[in-house]
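As provided, data39.cif (mmCIF, C-alpha atoms) reads as follows.
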```
data_data
loop_
_atom_site.group_PDB
_atom_site.id
_atom_site.type_symbol
_atom_site.label_atom_id
_atom_site.label_comp_id
_atom_site.auth_asym_id
_atom_site.auth_seq_id
_atom_site.Cartn_x
_atom_site.Cartn_y
_atom_site.Cartn_z
ATOM 1 C CA MET A 19 129.554 127.926 126.081
ATOM 2 C CA THR A 20 126.166 128.540 124.461
ATOM 3 C CA ASP A 21 124.226 131.582 125.673
ATOM 4 C CA ARG A 22 120.666 130.337 126.137
ATOM 5 C CA ASN A 23 119.404 133.933 126.409
ATOM 6 C CA LEU A 24 120.179 134.558 122.748
ATOM 7 C CA GLY A 25 116.985 134.158 120.734
ATOM 8 C CA ALA A 26 114.803 133.911 123.843
ATOM 9 C CA PHE A 27 111.763 135.225 121.969
ATOM 10 C CA MET A 28 112.354 132.952 118.987
ATOM 11 C CA ASP A 29 112.740 130.001 121.349
ATOM 12 C CA GLU A 30 109.378 130.599 123.010
ATOM 13 C CA GLU A 31 107.634 131.342 119.740
ATOM 14 C CA LEU A 32 108.912 128.385 117.733
ATOM 15 C CA THR A 33 108.214 125.996 120.612
ATOM 16 C CA SER A 34 104.608 127.201 120.853
ATOM 17 C CA GLN A 35 103.800 126.312 117.249
ATOM 18 C CA PRO A 36 101.790 123.095 117.811
ATOM 19 C CA GLU A 37 99.453 124.873 120.204
ATOM 20 C CA VAL A 38 99.165 127.991 118.066
ATOM 21 C CA TRP A 39 98.471 125.922 114.939
ATOM 22 C CA THR A 40 95.649 124.245 116.835
ATOM 23 C CA ARG A 41 94.066 127.659 117.472
ATOM 24 C CA ALA A 42 94.525 128.757 113.858
ATOM 25 C CA ILE A 43 92.956 125.551 112.565
ATOM 26 C CA ALA A 44 89.949 125.961 114.861
ATOM 27 C CA GLN A 45 89.557 129.577 113.763
ATOM 28 C CA ALA A 46 89.710 128.615 110.087
ATOM 29 C CA LYS A 47 87.012 126.007 110.585
ATOM 30 C CA ALA A 48 84.775 128.562 112.327
ATOM 31 C CA GLU A 49 85.174 131.262 109.672
ATOM 32 C CA ASP A 50 84.384 131.569 105.978
ATOM 33 C CA LEU A 51 86.444 134.590 104.973
ATOM 34 C CA LEU A 52 88.736 133.297 102.252
ATOM 35 C CA PRO A 53 87.999 133.120 98.497
ATOM 36 C CA ALA A 54 85.271 130.750 97.399
ATOM 37 C CA ASP A 55 86.022 127.714 95.271
ATOM 38 C CA GLY A 56 86.459 128.670 91.642
ATOM 39 C CA GLN A 57 87.467 132.267 92.257
ATOM 40 C CA ARG A 58 90.664 133.560 90.665
ATOM 41 C CA VAL A 59 93.049 134.548 93.439
ATOM 42 C CA ALA A 60 96.335 136.413 93.789
ATOM 43 C CA VAL A 61 98.275 135.972 97.042
ATOM 44 C CA ILE A 62 100.887 138.544 98.046
ATOM 45 C CA GLY A 63 103.492 138.929 100.745
ATOM 46 C CA CYS A 64 107.065 139.987 101.421
ATOM 47 C CA GLY A 65 109.884 137.764 102.634
ATOM 48 C CA THR A 66 108.543 134.921 104.723
ATOM 49 C CA SER A 67 104.954 135.844 103.862
ATOM 50 C CA TRP A 68 105.743 135.565 100.160
ATOM 51 C CA PHE A 69 106.920 131.999 100.677
ATOM 52 C CA MET A 70 103.740 131.159 102.591
ATOM 53 C CA ALA A 71 101.818 132.653 99.663
ATOM 54 C CA GLN A 72 103.644 130.259 97.348
ATOM 55 C CA SER A 73 102.698 127.276 99.487
ATOM 56 C CA TYR A 74 99.040 128.297 99.719
ATOM 57 C CA ALA A 75 98.814 128.992 95.988
ATOM 58 C CA ALA A 76 100.236 125.590 95.071
ATOM 59 C CA ALA A 77 98.005 123.797 97.579
ATOM 60 C CA ARG A 78 94.854 125.626 96.436
ATOM 61 C CA GLU A 79 95.410 124.842 92.776
ATOM 62 C CA THR A 80 96.330 121.222 93.535
ATOM 63 C CA ALA A 81 93.100 120.914 95.550
ATOM 64 C CA GLY A 82 91.142 122.037 92.493
ATOM 65 C CA LYS A 83 89.876 125.203 94.191
ATOM 66 C CA GLY A 84 90.774 127.587 91.389
ATOM 67 C CA LEU A 85 93.570 129.583 89.779
ATOM 68 C CA THR A 86 95.901 130.973 92.443
ATOM 69 C CA ASP A 87 99.011 133.038 91.730
ATOM 70 C CA PRO A 88 101.585 134.046 94.381
ATOM 71 C CA PHE A 89 103.491 137.321 94.093
ATOM 72 C CA ALA A 90 106.105 139.246 95.996
ATOM 73 C CA ALA A 91 104.134 142.395 96.838
ATOM 74 C CA SER A 92 106.743 144.604 95.179
ATOM 75 C CA GLU A 93 106.442 142.687 91.897
ATOM 76 C CA ALA A 94 102.736 141.909 91.742
ATOM 77 C CA PHE A 95 101.758 144.572 89.165
ATOM 78 C CA LEU A 96 98.116 144.104 90.087
ATOM 79 C CA ASN A 97 97.469 147.808 89.478
ATOM 80 C CA SER A 98 98.603 147.622 85.866
ATOM 81 C CA ASN A 99 95.071 147.825 84.509
ATOM 82 C CA SER A 100 91.539 148.547 85.646
ATOM 83 C CA ASP A 101 90.438 144.931 85.955
ATOM 84 C CA ALA A 102 93.333 144.000 88.283
ATOM 85 C CA ARG A 103 94.308 141.175 85.913
ATOM 86 C CA ASP A 104 90.840 139.672 86.349
ATOM 87 C CA TYR A 105 91.493 138.349 89.852
ATOM 88 C CA ASP A 106 88.376 137.982 91.964
ATOM 89 C CA VAL A 107 90.227 138.280 95.280
ATOM 90 C CA VAL A 108 93.686 139.393 96.405
ATOM 91 C CA VAL A 109 94.906 137.817 99.655
ATOM 92 C CA ALA A 110 97.704 139.568 101.560
ATOM 93 C CA ILE A 111 99.784 137.880 104.262
ATOM 94 C CA THR A 112 101.617 140.201 106.637
ATOM 95 C CA ARG A 113 102.632 139.736 110.258
ATOM 96 C CA SER A 114 103.047 143.412 111.093
ATOM 97 C CA GLY A 115 100.468 144.959 108.803
ATOM 98 C CA THR A 116 102.882 147.837 108.242
ATOM 99 C CA THR A 117 105.011 146.647 105.311
ATOM 100 C CA THR A 118 105.187 149.453 102.770
ATOM 101 C CA GLU A 119 104.855 147.387 99.606
ATOM 102 C CA VAL A 120 101.776 145.557 100.876
ATOM 103 C CA LEU A 121 100.040 148.708 102.100
ATOM 104 C CA GLU A 122 100.644 150.555 98.838
ATOM 105 C CA LEU A 123 99.382 147.648 96.782
ATOM 106 C CA LEU A 124 96.183 147.307 98.805
ATOM 107 C CA ALA A 125 95.589 151.051 98.663
ATOM 108 C CA GLY A 126 95.826 150.897 94.878
ATOM 109 C CA LEU A 127 93.349 148.006 94.723
ATOM 110 C CA LYS A 128 90.730 149.721 96.882
ATOM 111 C CA GLY A 129 87.381 149.585 95.096
ATOM 112 C CA LYS A 130 88.765 147.480 92.211
ATOM 113 C CA VAL A 131 88.911 143.981 93.659
ATOM 114 C CA ARG A 132 88.069 142.361 96.985
ATOM 115 C CA THR A 133 91.039 142.113 99.333
ATOM 116 C CA VAL A 134 91.634 139.867 102.329
ATOM 117 C CA ALA A 135 94.510 140.313 104.803
ATOM 118 C CA LEU A 136 95.895 137.727 107.229
ATOM 119 C CA ILE A 137 97.636 139.693 109.956
ATOM 120 C CA GLY A 138 99.249 139.314 113.356
ATOM 121 C CA ASP A 139 98.748 142.876 114.589
ATOM 122 C CA ALA A 140 95.030 143.619 114.559
ATOM 123 C CA GLU A 141 95.637 147.327 115.194
ATOM 124 C CA SER A 142 97.960 147.901 112.252
ATOM 125 C CA PRO A 143 97.283 150.293 109.330
ATOM 126 C CA ILE A 144 96.257 147.463 107.024
ATOM 127 C CA VAL A 145 92.957 147.127 108.910
ATOM 128 C CA GLY A 146 91.664 150.235 107.157
ATOM 129 C CA LEU A 147 92.763 149.096 103.713
ATOM 130 C CA ALA A 148 91.666 145.472 103.311
ATOM 131 C CA ASP A 149 88.016 144.593 102.813
ATOM 132 C CA THR A 150 88.286 141.524 105.053
ATOM 133 C CA ILE A 151 90.639 141.012 107.997
ATOM 134 C CA ILE A 152 91.689 137.623 109.338
ATOM 135 C CA ALA A 153 93.466 138.402 112.586
ATOM 136 C CA LEU A 154 95.789 135.929 114.307
ATOM 137 C CA PRO A 155 97.008 138.069 117.240
ATOM 138 C CA TYR A 156 97.860 134.997 119.306
ATOM 139 C CA ALA A 157 100.414 134.069 116.624
ATOM 140 C CA ASP A 158 102.113 137.471 116.580
ATOM 141 C CA GLU A 159 105.766 137.592 117.575
ATOM 142 C CA LYS A 160 108.452 139.704 119.213
ATOM 143 C CA SER A 161 111.408 138.118 117.451
ATOM 144 C CA VAL A 162 112.441 139.715 114.178
ATOM 145 C CA VAL A 163 112.943 136.226 112.718
ATOM 146 C CA GLN A 164 109.483 134.819 112.001
ATOM 147 C CA THR A 165 108.404 131.353 112.991
ATOM 148 C CA ARG A 166 104.925 130.828 114.401
ATOM 149 C CA PHE A 167 103.018 133.604 112.602
ATOM 150 C CA ALA A 168 104.010 132.349 109.187
ATOM 151 C CA THR A 169 103.293 128.704 109.907
ATOM 152 C CA SER A 170 100.036 129.533 111.700
ATOM 153 C CA ALA A 171 98.861 131.654 108.777
ATOM 154 C CA LEU A 172 99.645 128.744 106.476
ATOM 155 C CA ALA A 173 97.862 126.321 108.802
ATOM 156 C CA TYR A 174 94.787 128.566 108.584
ATOM 157 C CA LEU A 175 95.023 128.713 104.796
ATOM 158 C CA LEU A 176 95.580 124.972 104.326
ATOM 159 C CA THR A 177 92.685 124.170 106.654
ATOM 160 C CA SER A 178 90.415 126.296 104.465
ATOM 161 C CA LEU A 179 91.267 123.852 101.670
ATOM 162 C CA ASP A 180 90.072 120.909 103.808
ATOM 163 C CA ILE A 181 93.641 119.710 104.396
ATOM 164 C CA ASP A 182 93.977 117.768 107.646
ATOM 165 C CA LEU A 183 96.946 119.002 109.714
ATOM 166 C CA SER A 184 96.492 116.783 112.764
ATOM 167 C CA GLN A 185 99.645 114.820 111.883
ATOM 168 C CA ALA A 186 101.586 118.061 111.465
ATOM 169 C CA ILE A 187 100.682 119.066 115.015
ATOM 170 C CA GLU A 188 101.704 115.723 116.474
ATOM 171 C CA ASP A 189 104.988 115.640 114.578
ATOM 172 C CA ALA A 190 105.771 119.232 115.530
ATOM 173 C CA ARG A 191 105.481 118.509 119.256
ATOM 174 C CA THR A 192 108.635 116.454 118.942
ATOM 175 C CA ALA A 193 110.318 118.614 116.316
ATOM 176 C CA VAL A 194 110.350 121.819 118.376
ATOM 177 C CA THR A 195 111.933 120.187 121.434
ATOM 178 C CA ALA A 196 114.289 117.645 119.861
ATOM 179 C CA THR A 197 118.020 117.852 120.556
ATOM 180 C CA VAL A 198 119.977 119.220 117.610
ATOM 181 C CA SER A 199 122.843 116.946 116.574
ATOM 182 C CA GLN A 200 126.406 118.189 116.484
ATOM 183 C CA GLU A 201 126.517 117.375 112.773
ATOM 184 C CA LEU A 202 123.739 119.890 112.104
ATOM 185 C CA LEU A 203 125.288 122.487 114.417
ATOM 186 C CA ASP A 204 128.616 122.268 112.610
ATOM 187 C CA ALA A 205 127.395 121.951 109.011
ATOM 188 C CA GLU A 206 128.992 124.360 106.566
ATOM 189 C CA GLN A 207 126.064 124.709 104.177
ATOM 190 C CA PHE A 208 122.353 123.824 103.838
ATOM 191 C CA THR A 209 120.197 123.296 100.763
ATOM 192 C CA PHE A 210 116.436 122.915 101.191
ATOM 193 C CA LEU A 211 114.195 121.224 98.616
ATOM 194 C CA GLY A 212 110.455 120.894 98.145
ATOM 195 C CA ARG A 213 107.786 119.740 95.707
ATOM 196 C CA GLY A 214 104.393 121.306 95.068
ATOM 197 C CA TRP A 215 103.193 123.232 98.089
ATOM 198 C CA THR A 216 106.360 122.399 100.039
ATOM 199 C CA ILE A 217 108.590 124.428 97.698
ATOM 200 C CA GLY A 218 107.512 127.505 99.645
ATOM 201 C CA LEU A 219 108.569 125.751 102.848
ATOM 202 C CA ALA A 220 111.992 125.060 101.355
ATOM 203 C CA HIS A 221 112.459 128.713 100.429
ATOM 204 C CA GLU A 222 111.334 129.749 103.900
ATOM 205 C CA ALA A 223 113.739 127.320 105.585
ATOM 206 C CA GLY A 224 116.588 128.792 103.586
ATOM 207 C CA LEU A 225 115.584 132.319 104.526
ATOM 208 C CA LYS A 226 115.483 131.417 108.230
ATOM 209 C CA MET A 227 119.021 130.075 108.121
ATOM 210 C CA ARG A 228 120.294 133.147 106.281
ATOM 211 C CA GLU A 229 118.573 135.578 108.632
ATOM 212 C CA ALA A 230 119.455 133.975 111.942
ATOM 213 C CA VAL A 231 122.772 132.270 111.238
ATOM 214 C CA GLN A 232 124.151 134.430 108.406
ATOM 215 C CA GLY A 233 124.800 131.090 106.755
ATOM 216 C CA TRP A 234 125.195 129.855 103.195
ATOM 217 C CA THR A 235 121.812 128.386 102.336
ATOM 218 C CA GLU A 236 120.051 127.650 99.066
ATOM 219 C CA SER A 237 116.598 126.350 98.153
ATOM 220 C CA TYR A 238 115.100 124.799 95.025
ATOM 221 C CA PRO A 239 112.221 122.750 93.665
ATOM 222 C CA ALA A 240 113.411 119.198 94.304
ATOM 223 C CA MET A 241 113.207 118.168 90.655
ATOM 224 C CA GLU A 242 115.536 121.043 89.735
ATOM 225 C CA TYR A 243 118.234 120.072 92.215
ATOM 226 C CA ARG A 244 119.988 117.611 89.910
ATOM 227 C CA HIS A 245 120.056 120.223 87.122
ATOM 228 C CA GLY A 246 123.149 121.831 88.625
ATOM 229 C CA PRO A 247 122.733 122.709 92.324
ATOM 230 C CA ILE A 248 123.649 119.194 93.482
ATOM 231 C CA SER A 249 127.212 120.084 92.476
ATOM 232 C CA ILE A 250 127.721 121.863 95.811
ATOM 233 C CA ALA A 251 126.693 118.828 97.890
ATOM 234 C CA ALA A 252 129.699 117.499 99.812
ATOM 235 C CA PRO A 253 130.757 116.132 103.197
ATOM 236 C CA GLY A 254 129.985 118.620 105.945
ATOM 237 C CA ARG A 255 127.008 120.005 104.041
ATOM 238 C CA VAL A 256 123.279 119.232 104.311
ATOM 239 C CA THR A 257 120.492 118.694 101.786
ATOM 240 C CA TRP A 258 117.043 118.645 103.410
ATOM 241 C CA LEU A 259 113.917 117.616 101.488
ATOM 242 C CA PHE A 260 110.351 118.529 102.464
ATOM 243 C CA GLY A 261 107.632 116.250 101.137
ATOM 244 C CA GLU A 262 107.704 113.728 98.297
ATOM 245 C CA GLN A 263 111.094 112.472 97.162
ATOM 246 C CA PRO A 264 111.944 112.412 93.437
ATOM 247 C CA GLU A 265 112.850 108.912 92.307
ATOM 248 C CA GLY A 266 116.526 108.125 92.804
ATOM 249 C CA LEU A 267 117.443 111.297 94.664
ATOM 250 C CA ASP A 268 118.494 109.402 97.780
ATOM 251 C CA ALA A 269 120.919 107.272 95.757
ATOM 252 C CA ASP A 270 122.359 110.328 94.052
ATOM 253 C CA MET A 271 122.788 112.067 97.403
ATOM 254 C CA ALA A 272 124.603 109.062 98.865
ATOM 255 C CA GLN A 273 127.337 109.542 96.286
ATOM 256 C CA THR A 274 127.938 113.166 97.300
ATOM 257 C CA GLY A 275 128.894 112.525 100.918
ATOM 258 C CA ALA A 276 126.514 115.247 102.110
ATOM 259 C CA LEU A 277 124.037 114.619 104.928
ATOM 260 C CA TYR A 278 120.673 113.971 103.286
ATOM 261 C CA ILE A 279 117.556 114.498 105.419
ATOM 262 C CA HIS A 280 114.199 113.199 104.256
ATOM 263 C CA THR A 281 111.769 111.861 106.822
ATOM 264 C CA ASN A 282 108.186 110.638 106.913
ATOM 265 C CA LYS A 283 107.278 113.546 109.190
ATOM 266 C CA HIS A 284 104.780 116.150 108.037
ATOM 267 C CA PRO A 285 106.508 118.899 105.990
ATOM 268 C CA LEU A 286 105.107 121.675 108.187
ATOM 269 C CA ALA A 287 106.570 119.947 111.240
ATOM 270 C CA GLU A 288 109.881 119.592 109.408
ATOM 271 C CA LEU A 289 109.903 123.372 108.924
ATOM 272 C CA ALA A 290 109.391 123.739 112.678
ATOM 273 C CA ARG A 291 112.363 121.422 113.149
ATOM 274 C CA VAL A 292 114.433 123.700 110.916
ATOM 275 C CA HIS A 293 113.415 126.584 113.170
ATOM 276 C CA LYS A 294 114.865 124.696 116.131
ATOM 277 C CA VAL A 295 118.078 123.848 114.262
ATOM 278 C CA THR A 296 118.407 127.469 113.158
ATOM 279 C CA LEU A 297 118.052 128.769 116.700
ATOM 280 C CA GLU A 298 120.685 126.425 118.093
ATOM 281 C CA ARG A 299 123.086 127.136 115.228
ATOM 282 C CA ALA A 300 122.727 130.851 115.913
ATOM 283 C CA ARG A 301 123.382 130.382 119.621
ATOM 284 C CA VAL A 302 126.593 128.416 119.206
ATOM 285 C CA ARG A 303 127.838 131.210 116.946
ATOM 286 C CA GLY A 304 126.954 133.918 119.438
ATOM 287 C CA LEU A 305 124.215 135.379 117.231
ATOM 288 C CA ASP A 306 120.815 136.649 118.372
ATOM 289 C CA PRO A 307 117.988 135.764 115.940
ATOM 290 C CA ASP A 308 115.685 138.104 117.819
ATOM 291 C CA LEU A 309 117.854 140.958 116.524
ATOM 292 C CA PRO A 310 119.538 139.747 113.329
ATOM 293 C CA ARG A 311 122.046 141.847 111.451
ATOM 294 C CA ASN A 312 120.613 144.517 109.111
ATOM 295 C CA LEU A 313 116.985 143.467 109.721
ATOM 296 C CA THR A 314 113.933 144.951 111.424
ATOM 297 C CA ARG A 315 110.556 143.413 112.271
ATOM 298 C CA SER A 316 108.864 145.212 109.384
ATOM 299 C CA VAL A 317 110.229 146.949 106.303
ATOM 300 C CA ILE A 318 108.816 150.464 106.208
ATOM 301 C CA LEU A 319 110.209 152.443 103.293
ATOM 302 C CA ASP A 320 110.491 156.163 102.786
ATOM 303 C CA ALA A 321 108.105 157.181 100.015
ATOM 304 C CA SER A 322 111.006 158.460 97.916
ATOM 305 C CA ALA A 323 112.652 155.007 98.068
ATOM 306 C CA VAL A 324 109.671 153.038 96.782
#
```
Spit out the file's structure as structure tokens when you get a sec.
Amino acid sequence: MTDRNLGAFMDEELTSQPEVWTRAIAQAKAEDLLPADGQRVAVIGCGTSWFMAQSYAAARETAGKGLTDPFAASEAFLNSNSDARDYDVVVAITRSGTTTEVLELLAGLKGKVRTVALIGDAESPIVGLADTIIALPYADEKSVVQTRFATSALAYLLTSLDIDLSQAIEDARTAVTATVSQELLDAEQFTFLGRGWTIGLAHEAGLKMREAVQGWTESYPAMEYRHGPISIAAPGRVTWLFGEQPEGLDADMAQTGALYIHTNKHPLAELARVHKVTLERARVRGLDPDLPRNLTRSVILDASAV
């Protein structure tokens, strides 16, 4: 019997996403805190936030707003020279505002380049390091496994690029409450695919399933999938595509026997649907995504370990 108390925080937080996105979108429209068009931008984050950085970077460049590079904070190397690689602005995404790699990077950039931080905890140490703070406290979370902060931060960022997310909100209202099929609950393996700005969503979906379900998940740019990874597709496994489908992929998937999911729903809403599937898969396995194995809400490293 499924324990509905497992993942109680994640349940409430993922279900609230349509409403929280609405607030983030309104806030983005009322503010002008992000890099101006034409500025060279680096976007940093760790884990989930890194994948949101990837999505924002791809969307900003596609929108013609200027060069935008995403980095894992630990591998950004923005302090490697005095001109900070000629970036005009560095944007940091961090729910807790306490992640060691992000704090150290921003401290090293102080006075060299303008920094902007999107945060959930408006009282965290990052407030004293970034030049500009974009606070989304209403999107902050108690569950270790992130859902609404990440997607709300991305909704804010995409809105700043004049991307209309009204369809995402409508589609998500159904996605976060829909019944999860037995086929998805029982599936042995998931692969998530994306194109352009949705590649970050695919990577994030895979991370959610690994964190909460301890499951075998992979993620790739959709055009790369047939260059090898499709070899693991088989009955009892799932391939889930966010966004535009490469020509012929559906026919190729039909031959594998795997369950292939590609809908006309907004990709951000599809990520919310993955959140719901992840939660229910964790519950039937007796796992608590609010307290996943080996994870904490924020990674705070001892100075000697950095």
Practice task
Would you please work out which residue, of A:Arg113, A:Arg213, A:His245, A:Arg22, is nearest to Thr165 in chain A when using all atoms listed in the file?
Solution key: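 Looking only at the distances to Thr165 in chain A, the closest residue turns out to be A:Arg113.
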Handout entry: Residues within 6 Å of Phe167 in chain A, only C-alpha atoms, excluding chain neighbours under 2 positions, as a list in words
Key =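 That gives Ala157, Asp158, Thr165, Thr169, Ser170 and Ala171 of chain A.
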Could the residues in this selection be saved with C-alpha atoms as a tab-separated table (two decimals), keeping the file's coordinate frame?
```tsv
chain	number	residue	atom	x	y	z
A	157	ALA	CA	100.41	134.07	116.62
A	158	ASP	CA	102.11	137.47	116.58
A	165	THR	CA	108.40	131.35	112.99
A	169	THR	CA	103.29	128.70	109.91
A	170	SER	CA	100.04	129.53	111.70
A	171	ALA	CA	98.86	131.65	108.78
```
Practice task
Return as an MDAnalysis selection string the set of residues that the PyMOL selection byres ((chain A and resi 183) around 12) yields on the displayed structure.
Solution key: chainID A and resid 36 39:44 169:170 172:182 184:190 283:287
Practice task
Tell me which of A:Ile62, A:Leu277, A:Val134, A:Ala140 sits closest to Glu206 in chain A, counting only C-alpha atoms.
Solution key: A:Leu277
Expanded to explicit residues, what is the PyMOL selection byres ((chain A and resi 224-229) around 9) for this file, as an mmCIF file with C-alpha atoms, in the frame of the given file?
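Result file follows (expr26.cif):
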```
data_model
loop_
_atom_site.group_PDB
_atom_site.id
_atom_site.type_symbol
_atom_site.label_atom_id
_atom_site.label_comp_id
_atom_site.auth_asym_id
_atom_site.auth_seq_id
_atom_site.Cartn_x
_atom_site.Cartn_y
_atom_site.Cartn_z
ATOM 1 C CA GLY A 65 109.884 137.764 102.634
ATOM 2 C CA THR A 66 108.543 134.921 104.723
ATOM 3 C CA VAL A 163 112.943 136.226 112.718
ATOM 4 C CA GLN A 164 109.483 134.819 112.001
ATOM 5 C CA THR A 165 108.404 131.353 112.991
ATOM 6 C CA PHE A 208 122.353 123.824 103.838
ATOM 7 C CA THR A 209 120.197 123.296 100.763
ATOM 8 C CA PHE A 210 116.436 122.915 101.191
ATOM 9 C CA LEU A 219 108.569 125.751 102.848
ATOM 10 C CA ALA A 220 111.992 125.060 101.355
ATOM 11 C CA HIS A 221 112.459 128.713 100.429
ATOM 12 C CA GLU A 222 111.334 129.749 103.900
ATOM 13 C CA ALA A 223 113.739 127.320 105.585
ATOM 14 C CA ALA A 230 119.455 133.975 111.942
ATOM 15 C CA VAL A 231 122.772 132.270 111.238
ATOM 16 C CA GLN A 232 124.151 134.430 108.406
ATOM 17 C CA GLY A 233 124.800 131.090 106.755
ATOM 18 C CA TRP A 234 125.195 129.855 103.195
ATOM 19 C CA THR A 235 121.812 128.386 102.336
ATOM 20 C CA GLU A 236 120.051 127.650 99.066
ATOM 21 C CA SER A 237 116.598 126.350 98.153
ATOM 22 C CA VAL A 292 114.433 123.700 110.916
ATOM 23 C CA HIS A 293 113.415 126.584 113.170
ATOM 24 C CA VAL A 295 118.078 123.848 114.262
ATOM 25 C CA THR A 296 118.407 127.469 113.158
ATOM 26 C CA LEU A 297 118.052 128.769 116.700
ATOM 27 C CA ARG A 299 123.086 127.136 115.228
ATOM 28 C CA ALA A 300 122.727 130.851 115.913
ATOM 29 C CA PRO A 307 117.988 135.764 115.940
ATOM 30 C CA PRO A 310 119.538 139.747 113.329
ATOM 31 C CA ARG A 311 122.046 141.847 111.451
ATOM 32 C CA LEU A 313 116.985 143.467 109.721
#
```
Practice task
One decimal, Å: what's the distance from CA of Lys128 in chain A over to CA of Leu147 in chain A, could you say?
Solution key: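 Answer for the CA of Lys128 in chain A to CA of Leu147 in chain A separation: 7.2 Å.
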Practice task
Just say which residues the PyMOL selection byres ((chain A and resi 267-275) around 6) picks in this file, as a PyMOL selection string.
Solution key: chain A and resi 251-253+264-266+276
Exercise for the section: Quick one: everything within 6 Å of Ala90 in chain A, counting all atoms listed in the file, minus sequence neighbours fewer than 6 positions away in the same chain. Send it as a PyMOL selection string. Expected result: chain A and resi 62-64+68
Exercise for the section: Kindly extract all protein, DNA and RNA residues lying within 8 Å of the coordinates (103.7, 109.6, 101.3) given in the file, considering only C-alpha atoms, and supply them as a PyMOL selection string. Expected result: chain A and resi 261-262+282
Exercise for the section: Determine the nearest neighbour of Met28 in chain A from the options A:Ser114, A:Phe89, A:Thr133, A:Ser161, counting all atoms listed in the file. Expected result: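 The closest residue to Met28 in chain A is A:Ser161.
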Fill in the blank from the handout: In terms of all atoms listed in the file, the residue from A:Val108, A:Leu96, A:Leu32, A:Val38 at minimal distance from Val59 in chain A is A:Val108
Exercise for the section: Would you work out the distance separating CA of Val302 in chain A from CA of Asp29 in chain A, expressed in Å to one decimal? Expected result: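 If I compute the distance from CA of Val302 in chain A to CA of Asp29 in chain A, I get 14.1 Å.
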Problem - Top pick for closest residue to Arg78 in chain A, considering A:Ala153, A:Val61, A:Val162, A:Val198 and counting all atoms listed in the file - result: A:Val61
Practice task
Would you work out the distance separating CA of Leu121 in chain A from CA of Pro88 in chain A, expressed in Å to one decimal?
Solution key: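 Computed distance, CA of Leu121 in chain A to CA of Pro88 in chain A, equals 16.6 Å.
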Problem - Best match for closeness to Thr33 in chain A among A:Leu305, A:Leu154, A:Ala46, A:Ala193, counting all atoms listed in the file - result: A:Ala193
